[in-house]
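Below: one structure, written as structure tokens.
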Amino acid sequence: MFFLIWLRKIYKTLSADASPEAIAFGFLFGFILGFIPLLSGLGLFLIASLLILRVQISSALIALAIGKSLALLGLSALYLPVGEILLEPQGLHGFWTWFLNLPVVAWLDLDRHAITGGAVLGLLLGLVLFYPIRSLVIGYRRFLHDRVSSNKFFRWLTNFWLIKGLRFVFIGAEVKL
Amino acid sequence: MNPLKWFRWKVVIVFVVLFGALYFLGLDPLAERRINSLGAGGRAGARFSVEEVALGVIQGRSLFSQFTLATPRRVPPAEESREKVASAEEVVADLGMEDLLRKRFAVDEVSVRKPRLRIERRADGTINVGDLGSEEPEKEPKPAAKPVDWVKAIGEWAEKIRKRVEERKRREAEGKKEPEVAREEPRRGLWTDYERRITYPFEKVPRAVVRKLSAEALEIEFDDQTGALKPPPITNGKVEIRNLSNRPEHYAEPIELSISGEIEGAPIRIACKIDLRTIAETGQKKNDLLLQVQATGVPLGKVVQLFAGESLSATFEKGTADLDAEINLFDFEKLAVRAPGADRALFALRDVSMTAKPGEKIAGFKAEEFCKAVNEVGTLEFKDLEIGGTLLSPEFRWGETVKELVVSGGKAFAKKQAEKGIKKGTEKLQDAIDKQMKGKAPDVQNKIGEILPGADGKKSLQEGVGGAIDGLFGGKKKAPEKGAEKPVEKPAETKK
């Protein structure tokens with residue numbers, strides 16, 4: 001059932017009106033959120049941004065789930081070392097002292113090793129996957145969704161009750177009786 | 001793409017409505033409850049309460065009505081009022097909004113209306129304000145100690161503060177070592193340790209700052225439970241405190257405090273500079289407290305006797321005291337008290353009559369001899385007195401003034417002092433006349449002759465005055481009786 005729910009979500013995300021960039025940004029936000037505690041300063045700030053900015057919320061939720069799953073699988077062990085590498089070097093003390101005392105930034109809890117480490121890992125993953133996700137969405141819409149939908153064979157196939165039933169089960173599409 | 005389309009405006013409106021509702025309906029009572037619940041337990045080092053709160057976060061101006069502050073001691077409800085230390089009708093705070101965005105609590109200016117301070121000396125000699133700041137009040141009752149005067153009680157309080165500062169320093173030093181230990185064994189597992197953080201970006205940044213605190217119409221009431229007489233209150237007080245912060249060692253300016261008011265009609269002014277800043281080059285903390293105390297015409301019997309009676313080796317029947325002192329306290333322990341300038345008196349007694357306590361000593365002399373000499377002189381200025389040592393055991397370094405006073409038995413000393421003062425005064429007067437009345441010398445000489453018959457219009461002013469003094473103290477030269485009084489008074493006025 002869990003698998004089906006997520007499959008439906010992905011389908012809806014890919015088929016929605018949102019632009020490919022909004023979906024990719026949604027993943028970026030979601031990955032960062034997935035690697036940090038939601039109730040931290042940065043977590044609350046990102047949730048508020050997610051709601052206010054036109055970022056695709058479904059894609060962010062998918063990325064959040066992926067991020068939390070990766071953390072559960074052991075990626076969270078990297079947060080502290082990455083945070084230490086970023087925050088501890090003597091040469092960066094001046095920068096962090098300036099940056100972490102900036103207005104608003106001071107509230108984001110970036111002085112915590114694990115939050116900075118997790119956020120940076122999430123940001124990197126989101127940036128690395130930004131263009132592939134965008135291309136995937138464009139590709140899906142252009143080649144699969146548009147072409148397959150306009151294919152006569154596919155239209156004929158979807159008229160069968162069995163296909164309509166399977167479509168309902170897997171992607172939750174409305175079955176016209 | 002139009003940037004306006006980047007936002008979900010419906011969500012923005014919902015947020016604005018929610019914040020608005022919270023701000024207009026719920027934030028003030030919420031803050032009031034929070035402040036009162038924090039203050040009720042005494043965990044913050046004191047118990048405090050407010051009747052009404054108007055936060056005014058958008059305007060950056062908060063108002064607190066009917067503020068009361070009490071010691072953290074838990075006492076039966078009947079004695080509750082005795083633990084009250086301060087109250088104010090209204091406290092208005094101008095908040096530093098930029099600092100708030102930087103996660104710092106800063107107040108640009110706090111003004112307090114009608115503040116009342118109540119200082120009580122308990123039966124065991126401790127004072128109520130001494131309990132402020134201690135997180136847990138002492139559970140075991142203190143053994144009834146010998147009642148001490150206010151000066152000693154304040155000294156003990158200062159010692160308590162010094163110990164607290166030392167304890168805090170020790171804790172800070174221990175706290176800095178902890179992350180080193182934690183780093184050796186990083187926690188691994190499903191989740192991670194989100195509590196570990198760096199502290200260096202905030203180490204040199206004060207998190208709570210009050211840039212200016214001012215209060216007018218202050219009244220300080222003294223209450224005494226030891227059975228001794230109650231000292232008079234300080235009225236019409238004005239207080240100004242600047243640069244208060246939770247990390248004074250890293251704040252750009254030292255803490256400045258000034259209190260002025262009246263005690264028994266005598267004006268009193270205390271200015272204090274507490275410099276706890278760290279010297280950037282050496283990393284050393286200054287821990288320097290500089291107090292400037294000025295008081296004029298303080299009644300000895302009603303004020304000094306009541307505040308410092310136990311500490312003194314004599315009792316005062318009449319007279320007033322002037323105080324003009326610079327008090328330096330290094331590391332909250334080492335004491336240095338001196339006059340602000342070489343020609344200014346640290347301490348002056350005027351028209352005084354005092355009685356020695358049996359067997360006591362003052363300035364290394366028998367208290368009886370000292371008192372006798374002072375009573376004879378009546379008025380005495382201590383210019384060369386210095387106080388050193390520590391706060392709890394001060395060391396007095398008396399200069400020649402006191403030795404001369406006691407050895408000469410007062411009379412000869414008084415003459416010498418008067419001569420010195422008169423000489424200085426007449427010199428100044430002569431200079432002033434020379435400068436201002438240049439070219440009108442004969443007229444001036446004649447006028448001097450009228451004022452000072454001893455000068456006879458031809459003699460110098462100094463000669464004339466010298467003759468008058470000799471007349472007064474029975475010297476060889478005799479001055480006319482009529483002129484004997486005037487020369488003594490005239491330069492004394494100039495000196496004033």
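Quick note on naming: the chains in the structure tokens go A, B, ... in the order shown, residues restart at 1 in each chain, and ligands are numbered from 1 in order of appearance.
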> Within 6 Å of chain A, which residues of chain B show up when using only C-alpha atoms, listed as number ranges by chain?
Replying inline: B: 6-8, 11, 101-103, 188, 190-191, 194, 196-198, 201
>> If DSSP is run on the backbone, what residues of stretch 16-68 of chain B are strand (DSSP E or B)? A reply as JSON, numbers by chain would be ideal.
In response: {"B": [47, 48, 49, 52, 53, 54, 61, 62, 63, 64, 65, 66, 67, 68]}
> So which residues touch B:Lys334 within 10 Å, counting only C-alpha atoms, skipping near sequence neighbours fewer than 5 positions away, as an MDAnalysis selection string?
Replying inline: chainID B and resid 288 328:329 388:394
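Straight-line separation from atom CA of B:Ile270 to atom CA of B:Val293: 4.4 Å.
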> Can you tell me, as a PyMOL selection string, what residues are no more than 7 Å from stretch 226-241 of chain B when counting only C-alpha atoms, ignoring any on the same chain fewer than 5 positions away?
Replying inline: chain B and resi 121-123+125+147+212-221+256-264+303+306-307
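Of the listed residues A:Gly117, A:Glu21, A:Leu166, A:Gly34, the one whose atoms come nearest to A:Gly67 is A:Gly34, with distances taken using only C-alpha atoms.
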